[in-house]
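S.K.: Structure below; questions to follow.
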Amino acid sequence: MKIAAIIPVKTFSNAKTRLQLPAEKIEELCKIMLEEILQVLSVSSKIEKIILVTKEQKAIEIGKKFNTVTIIDEKEESVNQAVSLADKYLLENNFNASIVFPQDIPYIKTEDVDFILKHQMHPNFAIIVPSRKFDGTNALVRMPIDLMKTHYDDDSYRNHMITAKEHTLNVAMIFVKRIMLDVDDKEDLEFLLEQNEKPDLIEKMKKILN
C-alpha cells in the first residue's frame, strides 16, 4: 500500500501569531518544528512519500534535505485548500492513503506514526488523532485519498469525526500523547517545554526563546 504524509506549511511570517513573539523567533521555531517532523517521517517505513504544501521558501529548502515532494501553494487560502492540492497529486500518482499532519507537533516519533497506521481497516477508513485541547486535528488518515474533504477550521476534530462517519463506518479516534501536543499559543508552548520529551529539542527551542 502506498501511504503519503501531507504537511501544509503556512508562510512563516504569517504563522503562529498567537505566540505573541517577535517574528524572527517565530520563524526559528517554525523551522525547528518542521525539520523535526520531517526527520521523523523520513525514517518511517510506513510513509512512502512526504508532501509539503507551501510557498515559504525556507520551508522548501528544509524539505529538500528530506526528499519531499513540494507543491507550491501560491494562494495560501487555507489548510483545506492546501490539502486538496496534495490530494490531487496523490490521486494522480496512485497513492492509496494519506495522513495529514500539522508542522507544529515536534514531539512526534516514528513509533507514533507506526502505531497509528497499524489501525488500518480496509477498504475505506478514517483515523483521527485530536489535539490536546480536543479542538483541532493533529493527524488525519484517509483511505482512499478522497474519502472525505477536510475541515481544518474551528473545531476541526469534531467536524472531521462527523464528516468521516458520513462516508464510512470505519472511523477510529486514537490518542497519541506526543502527537496531541501542538503549539498554537503561548500556553501550548509553555506546556510543551515542561514535558519530558526530546531534551535536545527542548534546549534548542529554549535558546530561541531566550
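In the C-alpha cells, chains take letters A, B, ... by order of appearance, with residues numbered from 1 within each chain and ligands from 1 in the order shown.
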Residues of chain A classed as strand (DSSP E) by DSSP on the backbone are to be reported as a JSON list (two decimals) with N, CA and C atoms, in the first residue's frame.

M.R.:
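Written out: states24.json:
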[["chain", "number", "residue", "atom", "x", "y", "z"],
["A", 3, "ILE", "N", 1.33, 4.93, 1.06],
["A", 3, "ILE", "CA", 0.82, 5.92, 2.00],
["A", 3, "ILE", "C", 1.73, 7.15, 1.98],
["A", 4, "ALA", "N", 1.12, 8.32, 1.90],
["A", 4, "ALA", "CA", 1.89, 9.57, 1.90],
["A", 4, "ALA", "C", 1.51, 10.41, 3.10],
["A", 5, "ALA", "N", 2.47, 11.18, 3.58],
["A", 5, "ALA", "CA", 2.20, 12.18, 4.62],
["A", 5, "ALA", "C", 2.05, 13.54, 3.96],
["A", 6, "ILE", "N", 1.07, 14.30, 4.38],
["A", 6, "ILE", "CA", 0.84, 15.65, 3.86],
["A", 6, "ILE", "C", 1.09, 16.64, 4.99],
["A", 7, "ILE", "N", 1.93, 17.64, 4.73],
["A", 7, "ILE", "CA", 2.20, 18.68, 5.72],
["A", 7, "ILE", "C", 1.98, 20.05, 5.08],
["A", 8, "PRO", "N", 0.88, 20.72, 5.39],
["A", 8, "PRO", "CA", 0.68, 22.09, 4.91],
["A", 8, "PRO", "C", 1.51, 23.04, 5.79],
["A", 9, "VAL", "N", 2.22, 23.96, 5.16],
["A", 9, "VAL", "CA", 3.06, 24.89, 5.91],
["A", 9, "VAL", "C", 2.75, 26.33, 5.49],
["A", 49, "LYS", "N", 6.10, 8.66, 0.86],
["A", 49, "LYS", "CA", 6.46, 9.99, 0.36],
["A", 49, "LYS", "C", 5.90, 11.06, 1.28],
["A", 50, "ILE", "N", 6.64, 12.14, 1.44],
["A", 50, "ILE", "CA", 6.18, 13.30, 2.22],
["A", 50, "ILE", "C", 5.85, 14.42, 1.24],
["A", 51, "ILE", "N", 4.64, 14.94, 1.36],
["A", 51, "ILE", "CA", 4.19, 16.03, 0.50],
["A", 51, "ILE", "C", 4.13, 17.32, 1.33],
["A", 52, "LEU", "N", 4.95, 18.28, 0.95],
["A", 52, "LEU", "CA", 4.97, 19.58, 1.61],
["A", 52, "LEU", "C", 4.18, 20.55, 0.73],
["A", 53, "VAL", "N", 3.19, 21.21, 1.31],
["A", 53, "VAL", "CA", 2.38, 22.16, 0.55],
["A", 53, "VAL", "C", 2.63, 23.55, 1.14],
["A", 54, "THR", "N", 3.33, 24.40, 0.40],
["A", 54, "THR", "CA", 3.75, 25.68, 0.95],
["A", 54, "THR", "C", 4.23, 26.61, -0.16],
["A", 69, "VAL", "N", 8.27, 15.91, -1.72],
["A", 69, "VAL", "CA", 7.65, 16.49, -2.91],
["A", 69, "VAL", "C", 7.01, 17.80, -2.44],
["A", 70, "THR", "N", 7.40, 18.90, -3.05],
["A", 70, "THR", "CA", 6.85, 20.20, -2.66],
["A", 70, "THR", "C", 5.84, 20.67, -3.69],
["A", 71, "ILE", "N", 4.65, 20.99, -3.19],
["A", 71, "ILE", "CA", 3.61, 21.58, -4.04],
["A", 71, "ILE", "C", 3.50, 23.05, -3.62],
["A", 72, "ILE", "N", 3.70, 23.95, -4.57],
["A", 72, "ILE", "CA", 3.67, 25.37, -4.27],
["A", 72, "ILE", "C", 2.23, 25.84, -4.14],
["A", 97, "ALA", "N", -3.51, 5.88, 0.45],
["A", 97, "ALA", "CA", -3.94, 6.54, 1.68],
["A", 97, "ALA", "C", -3.03, 7.71, 1.99],
["A", 98, "SER", "N", -3.54, 8.62, 2.80],
["A", 98, "SER", "CA", -2.72, 9.76, 3.22],
["A", 98, "SER", "C", -2.92, 9.99, 4.71],
["A", 99, "ILE", "N", -1.95, 10.65, 5.30],
["A", 99, "ILE", "CA", -2.04, 11.07, 6.70],
["A", 99, "ILE", "C", -1.59, 12.52, 6.78],
["A", 100, "VAL", "N", -2.50, 13.38, 7.20],
["A", 100, "VAL", "CA", -2.22, 14.81, 7.27],
["A", 100, "VAL", "C", -1.73, 15.16, 8.67],
["A", 125, "PHE", "N", -11.52, 3.78, 5.32],
["A", 125, "PHE", "CA", -11.41, 4.09, 6.74],
["A", 125, "PHE", "C", -10.86, 5.49, 6.96],
["A", 126, "ALA", "N", -11.11, 5.99, 8.17],
["A", 126, "ALA", "CA", -10.54, 7.27, 8.61],
["A", 126, "ALA", "C", -10.03, 7.09, 10.03],
["A", 127, "ILE", "N", -8.89, 7.68, 10.31],
["A", 127, "ILE", "CA", -8.33, 7.68, 11.67],
["A", 127, "ILE", "C", -8.04, 9.12, 12.05],
["A", 128, "ILE", "N", -8.45, 9.49, 13.26],
["A", 128, "ILE", "CA", -8.30, 10.88, 13.70],
["A", 128, "ILE", "C", -7.60, 10.91, 15.05],
["A", 129, "VAL", "N", -6.55, 11.71, 15.13],
["A", 129, "VAL", "CA", -5.89, 12.00, 16.41],
["A", 129, "VAL", "C", -6.18, 13.46, 16.74],
["A", 130, "PRO", "N", -6.89, 13.73, 17.84],
["A", 130, "PRO", "CA", -7.21, 15.11, 18.18],
["A", 130, "PRO", "C", -6.03, 15.85, 18.80],
["A", 137, "THR", "N", -7.25, 18.88, 14.86],
["A", 137, "THR", "CA", -6.93, 17.54, 14.36],
["A", 137, "THR", "C", -5.44, 17.47, 14.10],
["A", 138, "ASN", "N", -4.71, 16.65, 14.86],
["A", 138, "ASN", "CA", -3.26, 16.60, 14.73],
["A", 138, "ASN", "C", -2.77, 15.44, 13.87],
["A", 139, "ALA", "N", -3.66, 14.55, 13.50],
["A", 139, "ALA", "CA", -3.37, 13.54, 12.48],
["A", 139, "ALA", "C", -4.70, 13.09, 11.89],
["A", 140, "LEU", "N", -4.72, 13.01, 10.58],
["A", 140, "LEU", "CA", -5.94, 12.56, 9.88],
["A", 140, "LEU", "C", -5.53, 11.59, 8.78],
["A", 141, "VAL", "N", -5.95, 10.33, 8.94],
["A", 141, "VAL", "CA", -5.69, 9.31, 7.94],
["A", 141, "VAL", "C", -6.95, 9.09, 7.12],
["A", 142, "ARG", "N", -6.79, 9.07, 5.80],
["A", 142, "ARG", "CA", -7.94, 8.80, 4.93],
["A", 142, "ARG", "C", -7.55, 7.75, 3.88],
["A", 143, "MET", "N", -8.37, 6.73, 3.78],
["A", 143, "MET", "CA", -8.25, 5.77, 2.69],
["A", 143, "MET", "C", -9.65, 5.47, 2.19],
["A", 171, "VAL", "N", -14.36, 4.31, 11.35],
["A", 171, "VAL", "CA", -13.75, 5.54, 11.85],
["A", 171, "VAL", "C", -13.15, 5.25, 13.22],
["A", 172, "ALA", "N", -11.89, 5.58, 13.39],
["A", 172, "ALA", "CA", -11.22, 5.36, 14.68],
["A", 172, "ALA", "C", -10.67, 6.67, 15.21],
["A", 173, "MET", "N", -10.87, 6.91, 16.50],
["A", 173, "MET", "CA", -10.24, 8.02, 17.20],
["A", 173, "MET", "C", -9.12, 7.42, 18.04]]

S.K.: If we count only C-alpha atoms and set the cut-off at 6 Å, which residues sit around stretch 175-179 of chain A, ignoring sequence neighbours fewer than 6 positions away in its own chain? Please answer as a list in words.

M.R.: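 Near neighbours after the sequence-gap exclusion: Ile105, Tyr107, Ile108 and Val129 of chain A.
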
S.K.: Please produce a file of those selected residues containing N, CA and C atoms, as a short mmCIF file (atom, residue, chain, number, x, y, z; two decimals), in the first residue's frame.

M.R.:
data_model
loop_
_atom_site.label_atom_id
_atom_site.label_comp_id
_atom_site.auth_asym_id
_atom_site.auth_seq_id
_atom_site.Cartn_x
_atom_site.Cartn_y
_atom_site.Cartn_z
N ILE A 105 3.97 19.76 15.69
CA ILE A 105 3.89 18.67 16.68
C ILE A 105 5.29 18.06 16.80
N TYR A 107 7.11 16.76 19.05
CA TYR A 107 7.43 15.59 19.88
C TYR A 107 7.09 14.27 19.20
N ILE A 108 6.53 14.32 18.01
CA ILE A 108 6.19 13.10 17.28
C ILE A 108 7.41 12.20 17.11
N VAL A 129 -6.55 11.71 15.13
CA VAL A 129 -5.89 12.00 16.41
C VAL A 129 -6.18 13.46 16.74
#

S.K.: Any idea what's packed within 10 Å of stretch 199-204 of chain A, counting only C-alpha atoms, ignoring anything in its chain fewer than 2 positions away? Could you give it as a PDB file with C-alpha atoms, in the first residue's frame?

M.R.:
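This is the output file around.pdb:
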ATOM      1  CA  GLU A  28      13.129  29.970  14.007  1.00  0.00           C
ATOM      2  CA  LEU A  29      10.584  27.922  15.972  1.00  0.00           C
ATOM      3  CA  ILE A  32      12.929  23.737  14.031  1.00  0.00           C
ATOM      4  CA  MET A  33       9.490  22.138  14.329  1.00  0.00           C
ATOM      5  CA  GLU A  36      11.843  17.706  13.415  1.00  0.00           C
ATOM      6  CA  PRO A 106       7.642  18.422  17.318  1.00  0.00           C
ATOM      7  CA  TYR A 107       7.432  15.591  19.875  1.00  0.00           C
ATOM      8  CA  LEU A 192       5.275  21.639  25.591  1.00  0.00           C
ATOM      9  CA  LEU A 193       8.523  22.833  27.146  1.00  0.00           C
ATOM     10  CA  GLU A 194       7.534  21.341  30.514  1.00  0.00           C
ATOM     11  CA  GLN A 195       7.242  17.809  29.109  1.00  0.00           C
ATOM     12  CA  ASN A 196       9.945  15.205  29.488  1.00  0.00           C
ATOM     13  CA  GLU A 197      10.380  14.566  25.770  1.00  0.00           C
ATOM     14  CA  LYS A 206      14.532  27.455  24.809  1.00  0.00           C
ATOM     15  CA  LYS A 207      17.641  29.006  23.270  1.00  0.00           C
ATOM     16  CA  ILE A 208      15.483  30.643  20.600  1.00  0.00           C
ATOM     17  CA  LEU A 209      13.096  31.994  23.223  1.00  0.00           C
TER      18      LEU A 209
END

S.K.: Near stretch 158-166 of chain A, within 7 Å and counting only C-alpha atoms, which residues show up once chain neighbours fewer than 6 positions away are dropped, as a list in words?

M.R.: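 Counting only the stated atoms, we get Ala126, Met148, Thr150 and His151 of chain A.
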
S.K.: Those same residues - N, CA and C atoms - I'd like them written as a PDB file, in the first residue's frame.

M.R.:
ATOM      1  N   ALA A 126     -11.105   5.995   8.166  1.00  0.00           N
ATOM      2  CA  ALA A 126     -10.535   7.266   8.606  1.00  0.00           C
ATOM      3  C   ALA A 126     -10.032   7.091  10.030  1.00  0.00           C
ATOM      4  N   MET A 148     -12.996  11.839   2.014  1.00  0.00           N
ATOM      5  CA  MET A 148     -13.748  12.976   2.551  1.00  0.00           C
ATOM      6  C   MET A 148     -12.925  14.248   2.405  1.00  0.00           C
ATOM      7  N   THR A 150     -11.498  17.811   3.942  1.00  0.00           N
ATOM      8  CA  THR A 150     -11.036  18.171   5.281  1.00  0.00           C
ATOM      9  C   THR A 150     -11.725  19.443   5.774  1.00  0.00           C
ATOM     10  N   HIS A 151     -11.691  19.618   7.100  1.00  0.00           N
ATOM     11  CA  HIS A 151     -12.356  20.764   7.739  1.00  0.00           C
ATOM     12  C   HIS A 151     -11.433  21.390   8.781  1.00  0.00           C
TER      13      HIS A 151
END

S.K.: Once DSSP has gone over the backbone, tell me which residues of stretch 82-185 of chain A are in helix (DSSP H, G or I), as an NGL selection string.

M.R.: :A and (82-92 or 110-117 or 156-167 or 177-180)

S.K.: Quick one: residues within 10 Å of A:Leu91, only C-alpha atoms counted, chain neighbours fewer than 5 positions away excluded, as a PDB file with N, CA and C atoms, in the first residue's frame?

M.R.:
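So the final result, stored in result_22.pdb, reads:
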ATOM      1  N   ALA A  86      -2.579  18.595  -2.397  1.00  0.00           N
ATOM      2  CA  ALA A  86      -1.835  17.352  -2.183  1.00  0.00           C
ATOM      3  C   ALA A  86      -2.663  16.141  -2.602  1.00  0.00           C
ATOM      4  N   ASN A  96      -2.646   5.128  -2.104  1.00  0.00           N
ATOM      5  CA  ASN A  96      -3.847   4.519  -1.533  1.00  0.00           C
ATOM      6  C   ASN A  96      -4.406   5.284  -0.340  1.00  0.00           C
ATOM      7  N   ALA A  97      -3.511   5.880   0.446  1.00  0.00           N
ATOM      8  CA  ALA A  97      -3.941   6.536   1.678  1.00  0.00           C
ATOM      9  C   ALA A  97      -3.026   7.706   1.988  1.00  0.00           C
ATOM     10  N   PRO A 144      -9.889   5.735   0.894  1.00  0.00           N
ATOM     11  CA  PRO A 144      -8.955   6.274  -0.096  1.00  0.00           C
ATOM     12  C   PRO A 144      -8.637   7.749   0.158  1.00  0.00           C
ATOM     13  N   ILE A 145      -7.749   8.269  -0.659  1.00  0.00           N
ATOM     14  CA  ILE A 145      -7.294   9.660  -0.523  1.00  0.00           C
ATOM     15  C   ILE A 145      -8.476  10.625  -0.487  1.00  0.00           C
ATOM     16  N   ASP A 146      -9.450  10.379  -1.346  1.00  0.00           N
ATOM     17  CA  ASP A 146     -10.593  11.299  -1.478  1.00  0.00           C
ATOM     18  C   ASP A 146     -11.822  10.799  -0.713  1.00  0.00           C
TER      19      ASP A 146
END

S.K.: If I take atom CA of A:Met1 and atom CA of A:Glu48, how far is one from the other in Å, to one decimal?

M.R.: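 Computed distance, atom CA of A:Met1 to atom CA of A:Glu48, equals 9.0 Å.
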